[in-house]
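K.L.:
Below are the structure tokens for one structure; questions will follow.
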Amino acid sequence: MKGSEIRAAFLKYFEEREHTVVGSSSLVPHDDPSLLFANAGMNQFKDIFLGRVARPYLRATSSQKVVRAGGKHNDLENVGRTSRHHTFFEMLGNFSFGDYFKKDAITYAWDFLTNVLGLPADKMFVSVYKDDDEAFELWRDLIGLDESKIIRKGEKDNFWQMGDTGPCGPCSEIHIDQGVGTGCGSPDCSPDCDCDRHLELWNLVFMQYNRDASGTLQPLPMPSIDTGMGLERVTSVVQQVTSNYDTDLLLPIIDYTAKLAHVTYGENDSHDVSLRVIADHARSTTFLISDGVLPSNEGRGYVLRRIMRRAMRHGNNLGMDSAFFHRVCTFVIEFMKDHYVELADKSAFVDKVVLAEEGAFSRTLNTGLRIIDEEIFKVIPKGKTIPGETIFKLYDTYGFPVDLLTDILEDAGYKMDMDEYNKYMAVQQEKAKKAGLGSGARATSDVITRIGSINKTEFMGYDSLVVKGSVLSVVQNDEVHPTAEGGDVEVVTDITSFYPEGGGQSGDTGVIAFPHGTMQVERTYRAGNAIVHKGKMMYGRVGLNDIATMQVDEHPRMATEKNHTATHILHKALQMVLGEHVRQAGSQVSPDGFRFDFTHFAPLAQSEIDEVTRIMHAVIAEARPVVKTFKTQEEAIREGATALFGEKYGNIVRVVEVKGFSKELCGGCHVHNTSDIDVIVIVSETGIASGVRRIEGLTGTTAVKYLISRSSIMTDLTTHLHVQPTELMNVITSMQTQMKEMERELKSMHSKAAATQALEALNNIKEVNGVQVVAVRLDGTAMEDLRNVVDDIANNIKTNAVILAASVLDDKVNFACRVTPDLTKRFKAGALIKEVAKVAGGSGGGRDDSAQAGGKDIAKADAAIQKIYELVS
């Protein structure tokens, strides 16, 4: 049975038992600031378990993408060296939200393992929490397990909790004995042994308590089920192999990599480790980039970069000196896109990101080897211990892999202080976690959160700006009220025409009329399944069950629709001009304009911006219909619709198609025809992160006003300079050339003046302690000229001299120092200038024969100059 068939069979089994199949959430948990990456199947259902939101189902099943490479779940360093550790794997799970409980959870799990997968019942045993008599009896009486195969364990092994407080409960784990040929081989091997013989397959969590701040357990009103089984692990058992890497989920990736490296898997232990590392890391890299994570030096990007560079380093171990990892990632996409259909249209982008990182790592590797030579081999004798701070600097600043550094240094006879390194690393990981967490969403009060979990609002505003609904909740001063009169208020209705902020689109504003009052809506946002209208009562009151007539402000909505559709057109136009690797990485649309972030690795040339603009206006002129339809996510993706990074989609999605031009999954508001946009203007194009660019733009009347303003500026310039518009750039270029020439002439004059002062300084040589000392103050002289002065003096004197020049310029004092070569054993220029600068509240340094420094206290300039005589004496 193939691994893909096991995944399909699992989802089908539970779907046939009234479970809703829910697609994997993004690896970036946007709604959970406690997580770096999705690390369990239950992550996307956390708010349901906590009672914060409700879903239209009580049973669910999923195959969740999981990455464990940060925080307490960090398997990175073990990957490739064991048969079970991964940074990326798939977690199969079934969930009940207050529906079935222990009996059905145990029955389903046992039935699936024995009757669907055909695993031998006589080889399996289970563990239960020591006080969970109910689970013990179900396994014994319902399933028929002998009591010797039901092991009671303590809280450490068989009690699960989400945190120090909150939902928790006992769990039951299903294990299989793989036989004496597996694991440690000891005749005394038992289920308590850490070897692979007694393998945990499936964990069933019975969420039945709530732990309060005092540690007291209270029964939950609706006990729930959360189960998890690693796909790779169960596949290894079904396929009767002893390592996850030998399953058909990973072995094809290993074999592909082995062909690239011209090696054979299974012939060399060191090579095998590298092949397993690359296969695992290619999966995590591919899925993380596909979910919008880009390599960087902080947050999630920092973890991704570590994963990628570790894989590249292992490719280096296999003798692959040129770029190879991007090809493995492309193979992963082709290999896994049948189930994860969203991978298909990310292929070009993943390839480009990985290839760029491979180039950067190659340069890093060469730089790192040079730095090792300068900072370690030339400074620290062999046999000594390398400080942890030095190790961390090479890793954190230069991206040099620690395991590669270890290999190099140990081969050279050094020891490494890894304890100190780990302390520095722990601090950095905490910074990375803080930098990478959070969704950026506004905080929602507990009251609104509860209202959002029990109320549901239907959005009816795609085609009508005016609808009538009924008031479901009224909140004032963060408390629920039956009525509210005057002041700030938040209102939830059963239907609304107001679009809530989300997906990058700003929320609607407008007016709601009640039978006895009117409300000005200033903000609209979503809380759970409810849409909240926040604003002020203009007069009168609002009460529960009031009929509400909701009127969205027409002009802001229309302007927002123009800007939103413009971003879709821009997205496609950028792909046509720059390449298919371009993907939306964020956006913001409002009545005032749009901001569009996209993946690309270089600033756009003006010719590229012009071509994008030309394409967009051709689409506007062609008056293409903008069609909105609802389809299954899989159907939409297969038809070519683009899914956006990090967005969560249900099984049914809304597709917005600019007819014959672009097609995206989008729940936002759009124009009916591209001609409604009138005009699109790109105002700016900038870089905001590694591999991410940002375009800001305008549409409609706002764009026209902007163009009129620019035209007015052009008219003023041409009038002032007495030129035609077509001549303006030539005139400005000519003026810039003249200014640069004047600057060069001025610099030349300064240099000549400095040279003259240098010659004059030769007349002020003082002999101190048998040494010729020249100390001169040349205010207004730049540092470069100051260095030239001391060089000229040194070249004239040649021997037995210490020279210092100082200059006050721009509210600071600069120093330059030279020591002739014959004196560098007695006097070090770097040490001398450090003491001189200290007098003026500054610092500096340099070589033994030449150094420079700066000081903040210009009043101490003369005192600093006099210091040189004291230092030489």
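Here, A, B, ... name the chains of the structure tokens in the order displayed, residue numbers run from 1 inside each chain, and ligands are numbered from 1 in the same displayed order.
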Could you give me the residues within region 453-511 of chain A that DSSP places in strand (DSSP E), as a ChimeraX atom specification?
P.N.:
/A:458-459,466-476,479-480,483-485,488-493,495-496,510-511
K.L.:
Using only C-alpha atoms, which protein or nucleic acid residues come within 8 Å of Asp785 (chain A)? Drop anything in the same chain fewer than 2 positions from it, and give the result as a ChimeraX atom specification.
P.N.:
/A:750-751,754,781-783,787-789
K.L.:
If you count only C-alpha atoms, which residues fall within 10 Å of Asp494 (chain A), apart from same-chain ones fewer than 3 positions away, as a PyMOL selection string?
P.N.:
chain A and resi 455-459+468-473+530-531+545+548
K.L.:
Quick check for you: according to DSSP on this backbone, which residues of region 507-755 of chain A are classed as alpha helix (DSSP H)? Reply as a PyMOL selection string.
P.N.:
chain A and resi 554-578+606-621+633-638+700-721+728-755
K.L.:
Restricting the output to C-alpha atoms, write the selected residues as an mmCIF file, in the first residue's frame.
P.N.:
```cif
data_model
loop_
_atom_site.group_PDB
_atom_site.id
_atom_site.type_symbol
_atom_site.label_atom_id
_atom_site.label_comp_id
_atom_site.auth_asym_id
_atom_site.auth_seq_id
_atom_site.Cartn_x
_atom_site.Cartn_y
_atom_site.Cartn_z
ATOM 1 C CA GLU A 554 -21.168 54.106 -1.964
ATOM 2 C CA HIS A 555 -18.154 56.150 -3.118
ATOM 3 C CA PRO A 556 -15.575 54.627 -0.700
ATOM 4 C CA ARG A 557 -16.818 51.117 -1.598
ATOM 5 C CA MET A 558 -16.598 51.804 -5.335
ATOM 6 C CA ALA A 559 -13.095 53.248 -4.924
ATOM 7 C CA THR A 560 -12.048 50.183 -2.899
ATOM 8 C CA GLU A 561 -13.452 47.846 -5.559
ATOM 9 C CA LYS A 562 -11.430 49.634 -8.244
ATOM 10 C CA ASN A 563 -8.259 49.328 -6.215
ATOM 11 C CA HIS A 564 -8.890 45.660 -5.391
ATOM 12 C CA THR A 565 -9.474 44.618 -8.992
ATOM 13 C CA ALA A 566 -6.440 46.704 -9.974
ATOM 14 C CA THR A 567 -4.224 44.543 -7.735
ATOM 15 C CA HIS A 568 -5.453 41.405 -9.551
ATOM 16 C CA ILE A 569 -4.650 42.963 -12.924
ATOM 17 C CA LEU A 570 -1.281 44.193 -11.612
ATOM 18 C CA HIS A 571 -0.448 40.711 -10.281
ATOM 19 C CA LYS A 572 -0.946 39.101 -13.680
ATOM 20 C CA ALA A 573 0.802 41.931 -15.538
ATOM 21 C CA LEU A 574 3.863 41.566 -13.290
ATOM 22 C CA GLN A 575 3.965 37.831 -14.032
ATOM 23 C CA MET A 576 3.797 38.550 -17.763
ATOM 24 C CA VAL A 577 6.658 41.070 -17.607
ATOM 25 C CA LEU A 578 8.911 39.614 -14.867
ATOM 26 C CA GLN A 606 11.474 51.980 -15.656
ATOM 27 C CA SER A 607 10.935 50.090 -18.902
ATOM 28 C CA GLU A 608 9.419 47.194 -16.914
ATOM 29 C CA ILE A 609 7.108 49.546 -14.998
ATOM 30 C CA ASP A 610 6.074 51.130 -18.294
ATOM 31 C CA GLU A 611 5.272 47.724 -19.817
ATOM 32 C CA VAL A 612 3.247 46.679 -16.753
ATOM 33 C CA THR A 613 1.324 49.965 -17.001
ATOM 34 C CA ARG A 614 0.697 49.431 -20.709
ATOM 35 C CA ILE A 615 -0.707 45.911 -20.094
ATOM 36 C CA MET A 616 -2.984 47.122 -17.281
ATOM 37 C CA HIS A 617 -4.484 49.899 -19.397
ATOM 38 C CA ALA A 618 -4.965 47.538 -22.330
ATOM 39 C CA VAL A 619 -7.053 45.331 -20.010
ATOM 40 C CA ILE A 620 -9.062 48.381 -18.892
ATOM 41 C CA ALA A 621 -9.609 49.512 -22.486
ATOM 42 C CA GLN A 633 -10.823 24.643 -3.946
ATOM 43 C CA GLU A 634 -9.388 21.672 -5.831
ATOM 44 C CA GLU A 635 -11.458 22.452 -8.921
ATOM 45 C CA ALA A 636 -10.443 26.127 -8.853
ATOM 46 C CA ILE A 637 -6.734 25.348 -8.520
ATOM 47 C CA ARG A 638 -6.845 22.781 -11.303
ATOM 48 C CA GLY A 700 -10.023 56.272 -10.652
ATOM 49 C CA THR A 701 -10.435 59.918 -9.679
ATOM 50 C CA THR A 702 -7.644 59.697 -7.085
ATOM 51 C CA ALA A 703 -5.243 58.645 -9.846
ATOM 52 C CA VAL A 704 -6.469 61.472 -12.095
ATOM 53 C CA LYS A 705 -5.859 64.032 -9.315
ATOM 54 C CA TYR A 706 -2.357 62.624 -8.851
ATOM 55 C CA LEU A 707 -1.611 62.916 -12.580
ATOM 56 C CA ILE A 708 -2.895 66.520 -12.631
ATOM 57 C CA SER A 709 -0.598 67.319 -9.685
ATOM 58 C CA ARG A 710 2.396 65.761 -11.451
ATOM 59 C CA SER A 711 1.553 67.686 -14.621
ATOM 60 C CA SER A 712 1.433 70.911 -12.624
ATOM 61 C CA ILE A 713 4.889 70.234 -11.164
ATOM 62 C CA MET A 714 6.201 69.545 -14.685
ATOM 63 C CA THR A 715 4.764 72.832 -15.946
ATOM 64 C CA ASP A 716 6.353 74.774 -13.063
ATOM 65 C CA LEU A 717 9.757 73.169 -13.722
ATOM 66 C CA THR A 718 9.738 73.801 -17.477
ATOM 67 C CA THR A 719 8.586 77.392 -16.951
ATOM 68 C CA HIS A 720 11.267 78.059 -14.311
ATOM 69 C CA LEU A 721 14.058 76.488 -16.384
ATOM 70 C CA LEU A 728 13.823 68.669 -19.076
ATOM 71 C CA MET A 729 15.807 65.490 -18.361
ATOM 72 C CA ASN A 730 18.746 66.649 -20.474
ATOM 73 C CA VAL A 731 18.841 69.973 -18.621
ATOM 74 C CA ILE A 732 18.682 68.291 -15.190
ATOM 75 C CA THR A 733 21.398 65.800 -16.198
ATOM 76 C CA SER A 734 23.588 68.685 -17.387
ATOM 77 C CA MET A 735 23.056 70.535 -14.091
ATOM 78 C CA GLN A 736 23.976 67.403 -12.118
ATOM 79 C CA THR A 737 27.149 66.986 -14.182
ATOM 80 C CA GLN A 738 28.127 70.606 -13.510
ATOM 81 C CA MET A 739 27.545 70.176 -9.763
ATOM 82 C CA LYS A 740 29.695 67.029 -9.670
ATOM 83 C CA GLU A 741 32.462 68.849 -11.532
ATOM 84 C CA MET A 742 32.305 71.730 -9.051
ATOM 85 C CA GLU A 743 32.472 69.245 -6.179
ATOM 86 C CA ARG A 744 35.555 67.632 -7.754
ATOM 87 C CA GLU A 745 37.211 71.019 -8.164
ATOM 88 C CA LEU A 746 36.419 71.931 -4.567
ATOM 89 C CA LYS A 747 37.818 68.621 -3.364
ATOM 90 C CA SER A 748 40.965 69.181 -5.412
ATOM 91 C CA MET A 749 41.390 72.623 -3.828
ATOM 92 C CA HIS A 750 41.044 71.087 -0.348
ATOM 93 C CA SER A 751 43.625 68.441 -1.221
ATOM 94 C CA LYS A 752 46.078 71.018 -2.505
ATOM 95 C CA ALA A 753 45.557 73.134 0.599
ATOM 96 C CA ALA A 754 46.109 70.085 2.784
ATOM 97 C CA ALA A 755 49.305 69.240 0.902
#
```
K.L.:
Can you tell me which residues surround Arg197 (chain A) at a distance of at most 8 Å, considering only C-alpha atoms, apart from same-chain residues fewer than 6 positions away, and format the answer as a PyMOL selection string?
P.N.:
chain A and resi 176-180+182-184
K.L.:
For CA of Ile793 (chain A) and CA of Leu759 (chain A), quote the distance in Å rounded to one decimal.
P.N.:
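Straight-line distance from CA of Ile793 (chain A) to CA of Leu759 (chain A) works out to 7.1 Å.
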K.L.:
One decimal, Å: what's the distance from CA of Thr674 (chain A) over to CA of Val511 (chain A), could you say?
P.N.:
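Atom-to-atom, CA of Thr674 (chain A) to CA of Val511 (chain A), that is 28.3 Å.
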